[in-house]
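Structure file run.json with JSON, C-alpha atoms and all ligand atoms:
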[["chain", "number", "residue", "atom", "x", "y", "z"],
["Z", 1, "MET", "CA", -16.66, -10.50, -14.65],
["Z", 2, "ASN", "CA", -14.05, -11.97, -16.91],
["Z", 3, "ASP", "CA", -13.04, -15.33, -15.44],
["Z", 4, "LYS", "CA", -9.93, -15.42, -17.59],
["Z", 5, "LEU", "CA", -8.60, -12.23, -16.07],
["Z", 6, "ASN", "CA", -4.86, -12.42, -15.79],
["Z", 7, "ILE", "CA", -3.28, -9.42, -14.12],
["Z", 8, "ASN", "CA", 0.47, -9.40, -13.94],
["Z", 9, "PHE", "CA", 2.80, -6.45, -13.61],
["Z", 10, "TYR", "CA", 6.46, -7.09, -13.14],
["Z", 11, "PRO", "CA", 8.44, -4.69, -15.33],
["Z", 12, "GLY", "CA", 12.22, -4.94, -15.48],
["Z", 13, "HIS", "CA", 12.80, -2.02, -13.15],
["Z", 14, "MET", "CA", 11.19, -3.96, -10.29],
["Z", 15, "ALA", "CA", 13.61, -6.86, -10.69],
["Z", 16, "LYS", "CA", 16.41, -4.28, -10.85],
["Z", 17, "THR", "CA", 15.19, -2.63, -7.65],
["Z", 18, "LYS", "CA", 15.28, -5.97, -5.84],
["Z", 19, "ARG", "CA", 18.82, -6.53, -7.08],
["Z", 20, "LEU", "CA", 19.89, -3.07, -5.87],
["Z", 21, "ILE", "CA", 18.24, -3.70, -2.50],
["Z", 22, "LYS", "CA", 20.19, -6.94, -2.14],
["Z", 23, "GLU", "CA", 23.43, -5.11, -3.03],
["Z", 24, "ASN", "CA", 22.75, -2.45, -0.40],
["Z", 25, "LEU", "CA", 21.70, -4.83, 2.38],
["Z", 26, "LYS", "CA", 25.15, -4.78, 3.93],
["Z", 27, "TYR", "CA", 24.67, -1.11, 4.83],
["Z", 28, "ILE", "CA", 21.22, -1.66, 6.37],
["Z", 29, "ASP", "CA", 20.35, -2.08, 10.06],
["Z", 30, "ILE", "CA", 16.59, -2.48, 9.80],
["Z", 31, "ILE", "CA", 13.89, -2.77, 7.16],
["Z", 32, "TYR", "CA", 10.59, -0.93, 7.31],
["Z", 33, "GLU", "CA", 8.24, -3.27, 5.52],
["Z", 34, "VAL", "CA", 5.39, -1.01, 4.43],
["Z", 35, "VAL", "CA", 1.97, -2.54, 3.71],
["Z", 36, "ASP", "CA", -1.44, -1.01, 3.05],
["Z", 37, "SER", "CA", -3.79, -1.60, 6.01],
["Z", 38, "ARG", "CA", -6.67, -2.18, 3.59],
["Z", 39, "MET", "CA", -4.84, -5.20, 2.16],
["Z", 40, "PRO", "CA", -2.40, -6.52, 4.78],
["Z", 41, "LYS", "CA", -2.01, -9.78, 2.87],
["Z", 42, "SER", "CA", -2.16, -8.73, -0.79],
["Z", 43, "SER", "CA", 0.27, -5.84, -0.36],
["Z", 44, "LYS", "CA", 2.88, -7.86, 1.54],
["Z", 45, "ILE", "CA", 5.75, -8.53, -0.83],
["Z", 46, "ILE", "CA", 5.72, -12.27, -1.34],
["Z", 47, "ASP", "CA", 9.46, -12.77, -1.75],
["Z", 48, "ILE", "CA", 10.59, -10.22, 0.84],
["Z", 49, "ASP", "CA", 12.29, -12.89, 2.98],
["Z", 50, "GLU", "CA", 14.39, -13.93, 0.02],
["Z", 51, "VAL", "CA", 15.34, -10.31, -0.78],
["Z", 52, "THR", "CA", 16.04, -9.05, 2.73],
["Z", 53, "LYS", "CA", 17.48, -12.24, 4.24],
["Z", 54, "ASP", "CA", 17.61, -12.12, 8.04],
["Z", 55, "LYS", "CA", 17.66, -8.33, 8.51],
["Z", 56, "PRO", "CA", 15.45, -7.14, 11.40],
["Z", 57, "ARG", "CA", 12.11, -5.85, 10.20],
["Z", 58, "LEU", "CA", 9.37, -3.53, 11.38],
["Z", 59, "MET", "CA", 5.99, -3.76, 9.66],
["Z", 60, "ILE", "CA", 4.30, -0.42, 9.07],
["Z", 61, "MET", "CA", 0.67, -0.51, 8.00],
["Z", 62, "THR", "CA", -0.27, 2.75, 6.30],
["Z", 63, "LYS", "CA", -3.57, 4.39, 5.40],
["Z", 64, "ALA", "CA", -5.12, 3.60, 8.79],
["Z", 65, "ASP", "CA", -7.65, 6.36, 8.07],
["Z", 66, "LEU", "CA", -9.04, 4.33, 5.16],
["Z", 67, "CYS", "CA", -9.14, 0.78, 6.56],
["Z", 68, "ASP", "CA", -11.72, -1.26, 8.45],
["Z", 69, "LYS", "CA", -10.05, -1.37, 11.85],
["Z", 70, "ASN", "CA", -11.83, -4.58, 12.98],
["Z", 71, "GLU", "CA", -10.61, -6.58, 10.00],
["Z", 72, "THR", "CA", -7.14, -5.04, 9.90],
["Z", 73, "GLU", "CA", -6.70, -5.77, 13.61],
["Z", 74, "LYS", "CA", -7.05, -9.51, 12.88],
["Z", 75, "TRP", "CA", -4.15, -9.27, 10.44],
["Z", 76, "ILE", "CA", -2.07, -7.30, 12.91],
["Z", 77, "LYS", "CA", -2.53, -10.10, 15.47],
["Z", 78, "TYR", "CA", -1.68, -12.66, 12.81],
["Z", 79, "TYR", "CA", 1.63, -10.92, 12.01],
["Z", 80, "GLU", "CA", 2.40, -10.27, 15.67],
["Z", 81, "ASN", "CA", 1.97, -13.99, 16.30],
["Z", 82, "GLN", "CA", 4.61, -14.53, 13.63],
["Z", 83, "GLY", "CA", 7.01, -12.35, 15.62],
["Z", 84, "TYR", "CA", 6.51, -9.05, 13.81],
["Z", 85, "THR", "CA", 6.27, -5.69, 15.50],
["Z", 86, "VAL", "CA", 3.43, -3.96, 13.64],
["Z", 87, "ILE", "CA", 2.56, -0.27, 13.62],
["Z", 88, "LEU", "CA", -0.72, 0.91, 12.16],
["Z", 89, "ILE", "CA", -0.50, 4.54, 11.09],
["Z", 90, "ASN", "CA", -2.29, 7.29, 9.24],
["Z", 91, "LEU", "CA", 0.45, 9.18, 7.45],
["Z", 92, "GLU", "CA", -1.91, 11.73, 5.97],
["Z", 93, "ASN", "CA", -3.05, 13.40, 9.20],
["Z", 94, "ASN", "CA", -2.21, 13.31, 12.89],
["Z", 95, "SER", "CA", 0.70, 11.07, 12.19],
["Z", 96, "ASN", "CA", 2.55, 10.37, 15.39],
["Z", 97, "ILE", "CA", 5.84, 8.85, 14.39],
["Z", 98, "LYS", "CA", 7.07, 8.26, 17.94],
["Z", 99, "PRO", "CA", 5.92, 4.60, 18.01],
["Z", 100, "ILE", "CA", 8.03, 3.97, 14.90],
["Z", 101, "LEU", "CA", 11.15, 5.50, 16.45],
["Z", 102, "LYS", "CA", 10.54, 3.65, 19.70],
["Z", 103, "ALA", "CA", 10.04, 0.28, 17.96],
["Z", 104, "THR", "CA", 13.17, 0.87, 15.87],
["Z", 105, "GLU", "CA", 15.15, 1.57, 19.02],
["Z", 106, "ASN", "CA", 13.85, -1.62, 20.67],
["Z", 107, "ILE", "CA", 14.63, -3.77, 17.67],
["Z", 108, "LEU", "CA", 18.15, -2.36, 17.34],
["Z", 109, "LYS", "CA", 18.97, -2.24, 21.04],
["Z", 110, "SER", "CA", 20.98, -5.45, 21.21],
["Z", 111, "LYS", "CA", 22.90, -4.52, 18.04],
["Z", 112, "TRP", "CA", 23.93, -1.16, 19.49],
["Z", 113, "GLU", "CA", 24.90, -2.79, 22.80],
["Z", 114, "LYS", "CA", 27.09, -5.26, 20.96],
["Z", 115, "ARG", "CA", 28.80, -2.41, 19.11],
["Z", 116, "GLU", "CA", 29.32, -0.50, 22.32],
["Z", 117, "ASN", "CA", 30.89, -3.56, 23.96],
["Z", 118, "GLN", "CA", 33.28, -3.75, 21.02],
["Z", 119, "GLY", "CA", 34.27, -0.15, 21.69],
["Z", 120, "LEU", "CA", 32.58, 1.19, 18.55],
["Z", 121, "ILE", "CA", 30.90, 4.58, 18.61],
["Z", 122, "LYS", "CA", 27.17, 4.94, 18.15],
["Z", 123, "ARG", "CA", 26.16, 5.75, 14.59],
["Z", 124, "LYS", "CA", 22.92, 6.53, 12.77],
["Z", 125, "ALA", "CA", 20.42, 3.75, 12.20],
["Z", 126, "ARG", "CA", 20.26, 2.94, 8.50],
["Z", 127, "VAL", "CA", 16.75, 2.04, 7.43],
["Z", 128, "LEU", "CA", 15.58, 0.57, 4.16],
["Z", 129, "VAL", "CA", 11.96, 1.30, 3.27],
["Z", 130, "MET", "CA", 10.36, -1.34, 1.09],
["Z", 131, "GLY", "CA", 6.84, -2.08, -0.15],
["Z", 132, "VAL", "CA", 4.52, -2.42, -3.12],
["Z", 133, "PRO", "CA", 3.88, 0.69, -5.27],
["Z", 134, "ASN", "CA", 1.87, 3.62, -3.86],
["Z", 135, "VAL", "CA", 1.68, 2.25, -0.34],
["Z", 136, "GLY", "CA", 3.15, 5.40, 1.26],
["Z", 137, "LYS", "CA", 6.89, 4.68, 1.49],
["Z", 138, "SER", "CA", 7.97, 8.17, 0.49],
["Z", 139, "THR", "CA", 5.25, 9.78, 2.60],
["Z", 140, "LEU", "CA", 6.57, 7.83, 5.58],
["Z", 141, "ILE", "CA", 10.06, 9.14, 4.87],
["Z", 142, "ASN", "CA", 8.80, 12.71, 4.70],
["Z", 143, "ARG", "CA", 7.02, 12.22, 8.02],
["Z", 144, "LEU", "CA", 10.16, 10.89, 9.65],
["Z", 145, "ALA", "CA", 12.19, 13.74, 8.20],
["Z", 146, "GLY", "CA", 9.60, 16.30, 9.26],
["Z", 147, "LYS", "CA", 9.80, 17.92, 5.84],
["Z", 148, "LYS", "CA", 9.47, 17.09, 2.17],
["Z", 149, "VAL", "CA", 12.59, 15.18, 1.22],
["Z", 150, "ALA", "CA", 11.06, 12.53, -1.08],
["Z", 151, "SER", "CA", 8.62, 12.91, -3.99],
["Z", 152, "ILE", "CA", 5.16, 11.48, -3.44],
["Z", 153, "GLY", "CA", 2.07, 11.10, -5.61],
["Z", 154, "ASN", "CA", -1.29, 9.37, -5.70],
["Z", 155, "LYS", "CA", -0.30, 6.83, -8.33],
["Z", 156, "PRO", "CA", 2.06, 3.86, -8.46],
["Z", 157, "GLY", "CA", 5.60, 4.35, -9.70],
["Z", 158, "VAL", "CA", 6.43, 7.82, -8.36],
["Z", 159, "THR", "CA", 9.81, 6.88, -6.86],
["Z", 160, "LYS", "CA", 12.04, 5.75, -9.70],
["Z", 161, "ASN", "CA", 15.41, 5.16, -8.05],
["Z", 162, "ILE", "CA", 16.74, 4.04, -4.75],
["Z", 163, "ASN", "CA", 17.79, 7.14, -2.80],
["Z", 164, "TRP", "CA", 19.58, 7.64, 0.50],
["Z", 165, "ILE", "CA", 17.90, 10.32, 2.57],
["Z", 166, "ARG", "CA", 19.68, 11.82, 5.53],
["Z", 167, "VAL", "CA", 17.07, 12.70, 8.10],
["Z", 168, "ASN", "CA", 18.88, 13.66, 11.29],
["Z", 169, "ASP", "CA", 21.72, 12.50, 13.50],
["Z", 170, "LYS", "CA", 19.79, 9.39, 14.53],
["Z", 171, "ILE", "CA", 18.49, 7.95, 11.30],
["Z", 172, "GLU", "CA", 19.22, 7.59, 7.59],
["Z", 173, "LEU", "CA", 16.67, 6.19, 5.16],
["Z", 174, "LEU", "CA", 16.86, 4.42, 1.85],
["Z", 175, "ASP", "CA", 13.74, 5.15, -0.23],
["Z", 176, "THR", "CA", 13.03, 2.53, -2.89],
["Z", 177, "PRO", "CA", 10.62, 2.24, -5.82],
["Z", 178, "GLY", "CA", 7.59, 0.00, -5.24],
["Z", 179, "VAL", "CA", 8.04, -3.62, -6.22],
["Z", 180, "LEU", "CA", 5.72, -6.49, -7.02],
["Z", 181, "TRP", "CA", 6.62, -10.04, -8.03],
["Z", 182, "PRO", "CA", 6.15, -12.29, -11.04],
["Z", 183, "LYS", "CA", 2.88, -14.27, -11.26],
["Z", 184, "LEU", "CA", 0.48, -12.48, -8.96],
["Z", 185, "ASP", "CA", -2.17, -14.62, -7.29],
["Z", 186, "GLN", "CA", -5.32, -13.31, -9.00],
["Z", 187, "GLU", "CA", -7.30, -12.40, -5.90],
["Z", 188, "GLU", "CA", -4.32, -10.51, -4.56],
["Z", 189, "ALA", "CA", -3.82, -8.91, -7.97],
["Z", 190, "LEU", "CA", -7.41, -7.64, -7.93],
["Z", 191, "ASN", "CA", -6.90, -6.16, -4.47],
["Z", 192, "LEU", "CA", -3.64, -4.53, -5.52],
["Z", 193, "ALA", "CA", -5.32, -3.14, -8.64],
["Z", 194, "ALA", "CA", -8.46, -1.96, -6.84],
["Z", 195, "LEU", "CA", -6.44, -0.25, -4.12],
["Z", 196, "THR", "CA", -4.11, 1.60, -6.53],
["Z", 197, "ALA", "CA", -0.88, -0.38, -6.37],
["Z", 198, "ILE", "CA", -0.75, -1.30, -10.06],
["Z", 199, "LYS", "CA", -0.43, 1.20, -12.90],
["Z", 200, "GLU", "CA", -3.89, 1.92, -14.32],
["Z", 201, "GLU", "CA", -2.58, 1.91, -17.87],
["Z", 202, "THR", "CA", -1.91, -1.82, -17.62],
["Z", 203, "LEU", "CA", -5.26, -2.83, -16.12],
["Z", 204, "PRO", "CA", -8.65, -4.02, -17.39],
["Z", 205, "LEU", "CA", -10.40, -1.08, -15.73],
["Z", 206, "PHE", "CA", -13.95, -2.33, -16.31],
["Z", 207, "ASP", "CA", -13.17, -5.55, -14.43],
["Z", 208, "ILE", "CA", -11.48, -3.66, -11.60],
["Z", 209, "ALA", "CA", -14.49, -1.36, -11.15],
["Z", 210, "CYS", "CA", -16.80, -4.41, -11.08],
["Z", 211, "TYR", "CA", -14.51, -6.09, -8.54],
["Z", 212, "ILE", "CA", -14.72, -3.01, -6.30],
["Z", 213, "LEU", "CA", -18.53, -3.02, -6.48],
["Z", 214, "LYS", "CA", -18.72, -6.76, -5.80],
["Z", 215, "THR", "CA", -16.36, -6.50, -2.83],
["Z", 216, "LEU", "CA", -18.46, -3.65, -1.42],
["Z", 217, "GLU", "CA", -21.61, -5.71, -1.88],
["Z", 218, "LYS", "CA", -20.01, -8.68, -0.15],
["Z", 219, "TYR", "CA", -18.50, -6.92, 2.87],
["Z", 220, "TYR", "CA", -19.71, -3.32, 2.97],
["Z", 221, "SER", "CA", -23.24, -3.17, 1.58],
["Z", 222, "ASN", "CA", -23.80, -0.01, 3.66],
["Z", 223, "ILE", "CA", -21.20, 1.78, 1.51],
["Z", 224, "LEU", "CA", -22.80, 0.46, -1.70],
["Z", 225, "LYS", "CA", -26.05, 2.01, -0.48],
["Z", 226, "GLU", "CA", -24.63, 5.28, 0.80],
["Z", 227, "ARG", "CA", -22.26, 6.02, -2.04],
["Z", 228, "TYR", "CA", -24.11, 4.55, -5.03],
["Z", 229, "ASN", "CA", -27.66, 4.23, -3.74],
["Z", 230, "LEU", "CA", -27.72, 0.52, -4.56],
["Z", 231, "ASP", "CA", -29.18, -2.08, -2.18],
["Z", 232, "LYS", "CA", -27.53, -4.82, -4.15],
["Z", 233, "LEU", "CA", -25.94, -5.38, -7.52],
["Z", 234, "ASP", "CA", -27.94, -6.49, -10.54],
["Z", 235, "GLU", "CA", -27.45, -9.96, -11.96],
["Z", 236, "ASP", "CA", -26.11, -8.18, -15.03],
["Z", 237, "ILE", "CA", -23.67, -5.76, -13.42],
["Z", 238, "VAL", "CA", -23.81, -3.43, -16.42],
["Z", 239, "LEU", "CA", -27.27, -2.42, -15.21],
["Z", 240, "SER", "CA", -25.76, -1.37, -11.90],
["Z", 241, "LEU", "CA", -23.12, 0.66, -13.71],
["Z", 242, "GLU", "CA", -25.92, 2.28, -15.66],
["Z", 243, "LYS", "CA", -27.74, 3.26, -12.47],
["Z", 244, "ILE", "CA", -24.57, 4.73, -11.01],
["Z", 245, "GLY", "CA", -23.93, 6.58, -14.26],
["Z", 246, "GLN", "CA", -27.42, 8.04, -14.27],
["Z", 247, "LYS", "CA", -27.27, 9.10, -10.66],
["Z", 248, "ARG", "CA", -23.83, 10.64, -10.97],
["Z", 249, "GLY", "CA", -24.33, 12.22, -14.38],
["Z", 250, "CYS", "CA", -21.83, 10.12, -16.35],
["Z", 251, "LEU", "CA", -23.52, 10.73, -19.67],
["Z", 252, "ILE", "CA", -22.47, 11.24, -23.25],
["Z", 253, "LYS", "CA", -24.29, 13.48, -25.72],
["Z", 254, "GLY", "CA", -27.82, 12.24, -26.28],
["Z", 255, "GLY", "CA", -28.19, 11.01, -22.70],
["Z", 256, "ASP", "CA", -26.51, 7.62, -23.07],
["Z", 257, "ILE", "CA", -24.34, 6.32, -20.27],
["Z", 258, "ASP", "CA", -20.60, 6.99, -20.51],
["Z", 259, "TYR", "CA", -19.38, 3.65, -19.13],
["Z", 260, "ASP", "CA", -15.72, 4.66, -19.18],
["Z", 261, "LYS", "CA", -16.60, 7.58, -16.97],
["Z", 262, "VAL", "CA", -18.55, 5.36, -14.56],
["Z", 263, "VAL", "CA", -15.62, 2.96, -14.37],
["Z", 264, "SER", "CA", -13.11, 5.70, -13.65],
["Z", 265, "LEU", "CA", -15.48, 7.29, -11.13],
["Z", 266, "ILE", "CA", -15.65, 4.04, -9.11],
["Z", 267, "ILE", "CA", -11.89, 3.49, -9.30],
["Z", 268, "GLY", "CA", -11.35, 7.16, -8.40],
["Z", 269, "ASP", "CA", -13.62, 6.85, -5.36],
["Z", 270, "VAL", "CA", -11.21, 4.30, -3.90],
["Z", 271, "LYS", "CA", -8.07, 6.01, -5.17],
["Z", 272, "ASN", "CA", -9.03, 9.39, -3.73],
["Z", 273, "GLY", "CA", -10.03, 7.95, -0.37],
["Z", 274, "TYR", "CA", -13.77, 8.70, -0.69],
["Z", 275, "ILE", "CA", -14.42, 5.06, 0.16],
["Z", 276, "LYS", "CA", -13.26, 4.65, 3.73],
["Z", 277, "GLY", "CA", -13.47, 1.93, 6.35],
["Z", 278, "VAL", "CA", -12.73, -0.93, 3.99],
["Z", 279, "THR", "CA", -10.31, -3.84, 4.24],
["Z", 280, "PHE", "CA", -10.37, -6.10, 1.21],
["Z", 281, "ASP", "CA", -8.20, -8.94, 2.58],
["Z", 282, "ARG", "CA", -10.14, -11.23, 4.86],
["Z", 283, "TYR", "CA", -8.50, -13.23, 7.62],
["Z", 284, "GLU", "CA", -10.50, -16.45, 7.73],
["Z", 301, "LIG", "N1", -5.25, 8.54, 3.23],
["Z", 301, "LIG", "C1", -3.95, 8.26, 3.31],
["Z", 301, "LIG", "N2", -3.16, 8.46, 2.24],
["Z", 301, "LIG", "C2", -1.84, 8.17, 2.35],
["Z", 301, "LIG", "C3", -1.28, 7.65, 3.53],
["Z", 301, "LIG", "N3", 0.05, 7.43, 3.31],
["Z", 301, "LIG", "C4", 0.28, 7.80, 2.04],
["Z", 301, "LIG", "N4", -0.84, 8.26, 1.44],
["Z", 301, "LIG", "C5", -1.01, 8.73, 0.06],
["Z", 301, "LIG", "O1", -0.68, 7.64, -0.80],
["Z", 301, "LIG", "C6", -0.14, 8.13, -2.01],
["Z", 301, "LIG", "C7", 1.17, 7.42, -2.31],
["Z", 301, "LIG", "O2", 2.17, 7.85, -1.41],
["Z", 301, "LIG", "P1", 3.73, 7.71, -1.73],
["Z", 301, "LIG", "O3", 4.45, 8.04, -0.46],
["Z", 301, "LIG", "O4", 4.09, 8.42, -2.97],
["Z", 301, "LIG", "O5", 3.82, 6.13, -1.96],
["Z", 301, "LIG", "P2", 5.10, 5.27, -2.37],
["Z", 301, "LIG", "O6", 4.96, 3.97, -1.64],
["Z", 301, "LIG", "O7", 6.36, 6.03, -2.14],
["Z", 301, "LIG", "O8", 4.82, 5.04, -3.92],
["Z", 301, "LIG", "P3", 5.85, 4.68, -5.13],
["Z", 301, "LIG", "O9", 7.06, 5.54, -4.98],
["Z", 301, "LIG", "O10", 5.03, 5.00, -6.33],
["Z", 301, "LIG", "O11", 6.12, 3.21, -5.00],
["Z", 301, "LIG", "C8", 0.02, 9.63, -1.83],
["Z", 301, "LIG", "O12", -1.09, 10.25, -2.47],
["Z", 301, "LIG", "C9", -0.04, 9.83, -0.33],
["Z", 301, "LIG", "O13", -0.54, 11.09, 0.03],
["Z", 301, "LIG", "C10", -2.14, 7.45, 4.67],
["Z", 301, "LIG", "O14", -1.76, 6.99, 5.75],
["Z", 301, "LIG", "N5", -3.45, 7.77, 4.48],
["Z", 302, "MG", "MG", 7.81, 6.56, -3.42]]
Is it possible to express this structure as structure tokens?
Amino acid sequence: MNDKLNINFYPGHMAKTKRLIKENLKYIDIIYEVVDSRMPKSSKIIDIDEVTKDKPRLMIMTKADLCDKNETEKWIKYYENQGYTVILINLENNSNIKPILKATENILKSKWEKRENQGLIKRKARVLVMGVPNVGKSTLINRLAGKKVASIGNKPGVTKNINWIRVNDKIELLDTPGVLWPKLDQEEALNLAALTAIKEETLPLFDIACYILKTLEKYYSNILKERYNLDKLDEDIVLSLEKIGQKRGCLIKGGDIDYDKVVSLIIGDVKNGYIKGVTFDRYE
């Protein structure tokens, strides 16, 4: 793999989103910090403390159906030890949002009591939803609303503006576009890229596909075997791509391997959730 790989993705609209979030903080009671349970470290916005100041926060780890529960659990403990309340959730199916509402109530309890003591009437909780691209922010909002109120899609950059969404008489949500930060740490960048948080158009796709295979070999060799029929990767990884291409029929006219197709097949396997039970961030 290319040792000089340098993945960075911080377009102007992300800086603008952070500015808008800061401007709207005064209206916000609590922040739902959304991270992907397959990368609890890499998908945690590095400068979120600076952006959200001392607002109360609830960490919501999405895509529970796709992660390696054992590994993700270590990260949950790590964040809980830091004082976070963490909720691991599958938003795709069987999503039970009650724990989120309950945790929100607990976190805001003292604030509401203070207001009551001041003779103020109870009002809706205003929630800001923040996270890296494609992590499930808008899906979470739709779940909380119980209907489709926000656009979602299986690619980064679907939500383009910050939008207030009125859910019911208890809660109001601010959906925000996914944000990253300048100068990504390169291991985190590879995880973000491999797990669909960075726009494909900006990525060295060959390197990302190789990174996925190498991570599977390192931590999930059973998946490498089951999905690609490989016991291990070849010294020259192109040979492994060739084997996958042959097995999966990624061929161009004349029978040669279509490497672009192999690369997009591997990336697609992660993107479309065919590769399950994986957590790429390791808690040492
Ligand atoms: N398997 C699985 N897929 C999920 C889950 N949550 C969200 N998704 C999928 O992830 C993709 C991205 O969801 P969105 O809600 O659009 O993500 P977002 O964070 O709003 O993305 P941007 O607006 O682009 O920043 C969609 O294809 C969702 O269906 C989950 O818990 N499990
Ligand atoms: Mg969105």
| message | Just to confirm, what's the straight-line distance from CA of Ser240 (chain Z) to CA of Ala194 (chain Z) in Å (one decimal)? | response | 18.0 Å
| request: May I have the residues within 8 Å of Ser43 (chain Z) as a list of chain:residue names, using all atoms listed in the file and disregarding those fewer than 6 positions away in the same chain? | output: Z:Val35, Z:Asp36, Z:Gly131, Z:Val132, Z:Glu188, Z:Leu192
| task | Within 8 Å of ligand MG 302 (chain Z), which residues show up when you count all atoms listed in the file? List them as a PyMOL selection string, please. | result | chain Z and resi 133-134+136-139+150-153+157-160+175-178
| So how many Å separate CA of Ser42 (chain Z) and CA of Leu101 (chain Z), to one decimal? | 26.0 Å
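From CA of Ile45 (chain Z) back to atom O5 of ligand LIG 301 (chain Z), the distance works out to 14.8 Å.
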| task | Name all residues at most 8 Å from Tyr84 (chain Z) (count only C-alpha atoms; drop same-chain ones fewer than 5 positions away) and give them as a PyMOL selection string. | result | chain Z and resi 57-59+79
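Among Z:Val278, Z:Ala64, Z:Ile223, Z:Leu205, the residue with the shortest atom-to-atom distance to Val262 (chain Z), counting only C-alpha atoms, is Z:Leu205.
In terms of minimum interatomic distance to ligand LIG 301 (chain Z), Z:Ile89 ranks closest within Z:Leu174, Z:Ile7, Z:Ile89, Z:Val238, counting only C-alpha atoms and all ligand atoms.
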| request: Give the answer as one residue: which of Z:Arg166, Z:Lys16, Z:Arg126, Z:Lys199 has the shortest atom-to-atom distance to ligand LIG 301 (chain Z), using all atoms listed in the file? | output: Z:Lys199
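In terms of minimum interatomic distance to ligand LIG 301 (chain Z), Z:Val179 ranks closest within Z:Leu128, Z:Leu195, Z:Ile237, Z:Val179, counting all atoms listed in the file.
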| request: Would you mind telling me which residue in Z:Asn8, Z:Ala193, Z:Asn222, Z:Thr202 lies nearest to Gly268 (chain Z) when using only C-alpha atoms? | output: Z:Ala193
Centre, x/y/z edge lengths, axis-aligned box for region 57-72 of chain Z with 5 Å per side, as lines of an AutoDock Vina configuration file:
center_x = 0.1
center_y = -0.1
center_z = 9.1
size_x = 33.9
size_y = 22.9
size_z = 17.8
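Nearest residue to ligand LIG 301 (chain Z) among Z:Gly277, Z:Gly12, Z:Pro156, Z:Gly83 is Z:Pro156, counting only C-alpha atoms and all ligand atoms.
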| field | Within-6 Å shell of (-10.5, 1.2, 5.1) in input frame, all atoms listed in the file, as a ChimeraX atom specification | value | /Z:38,66-68,276-279
| query | Neighbours of Glu226 (chain Z) within 12 Å (all atoms listed in the file; same-chain residues fewer than 2 positions away dropped), as a PyMOL selection string? | reply | chain Z and resi 216-217+220-224+228-232+244+274-276
Generate the output file for the selected residues, C-alpha atoms, as a PDB file, in the frame of the given file.
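part-v6.pdb written:
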ATOM      1  CA  LEU Z 216     -18.460  -3.650  -1.420  1.00  0.00           C
ATOM      2  CA  GLU Z 217     -21.610  -5.710  -1.880  1.00  0.00           C
ATOM      3  CA  TYR Z 220     -19.710  -3.320   2.970  1.00  0.00           C
ATOM      4  CA  SER Z 221     -23.240  -3.170   1.580  1.00  0.00           C
ATOM      5  CA  ASN Z 222     -23.800  -0.010   3.660  1.00  0.00           C
ATOM      6  CA  ILE Z 223     -21.200   1.780   1.510  1.00  0.00           C
ATOM      7  CA  LEU Z 224     -22.800   0.460  -1.700  1.00  0.00           C
ATOM      8  CA  TYR Z 228     -24.110   4.550  -5.030  1.00  0.00           C
ATOM      9  CA  ASN Z 229     -27.660   4.230  -3.740  1.00  0.00           C
ATOM     10  CA  LEU Z 230     -27.720   0.520  -4.560  1.00  0.00           C
ATOM     11  CA  ASP Z 231     -29.180  -2.080  -2.180  1.00  0.00           C
ATOM     12  CA  LYS Z 232     -27.530  -4.820  -4.150  1.00  0.00           C
ATOM     13  CA  ILE Z 244     -24.570   4.730 -11.010  1.00  0.00           C
ATOM     14  CA  TYR Z 274     -13.770   8.700  -0.690  1.00  0.00           C
ATOM     15  CA  ILE Z 275     -14.420   5.060   0.160  1.00  0.00           C
ATOM     16  CA  LYS Z 276     -13.260   4.650   3.730  1.00  0.00           C
TER      17      LYS Z 276
END
| field | Selection near Glu284 (chain Z), 12 Å with only C-alpha atoms, sequence-local residues under 4 positions removed, as a list in words | value | Lys41, Glu71, Lys74, Trp75 and Tyr78 of chain Z
| query | What residues have an atom no more than 9 Å from (16.5, -0.2, 7.1) in the file's own frame, counting all atoms listed in the file, and can you write them as a list of chain:residue names? | reply | Z:Leu25, Z:Tyr27, Z:Ile28, Z:Asp29, Z:Ile30, Z:Ile31, Z:Tyr32, Z:Glu33, Z:Lys55, Z:Pro56, Z:Arg57, Z:Leu58, Z:Ala125, Z:Arg126, Z:Val127, Z:Leu128, Z:Val129, Z:Met130, Z:Glu172, Z:Leu173, Z:Leu174
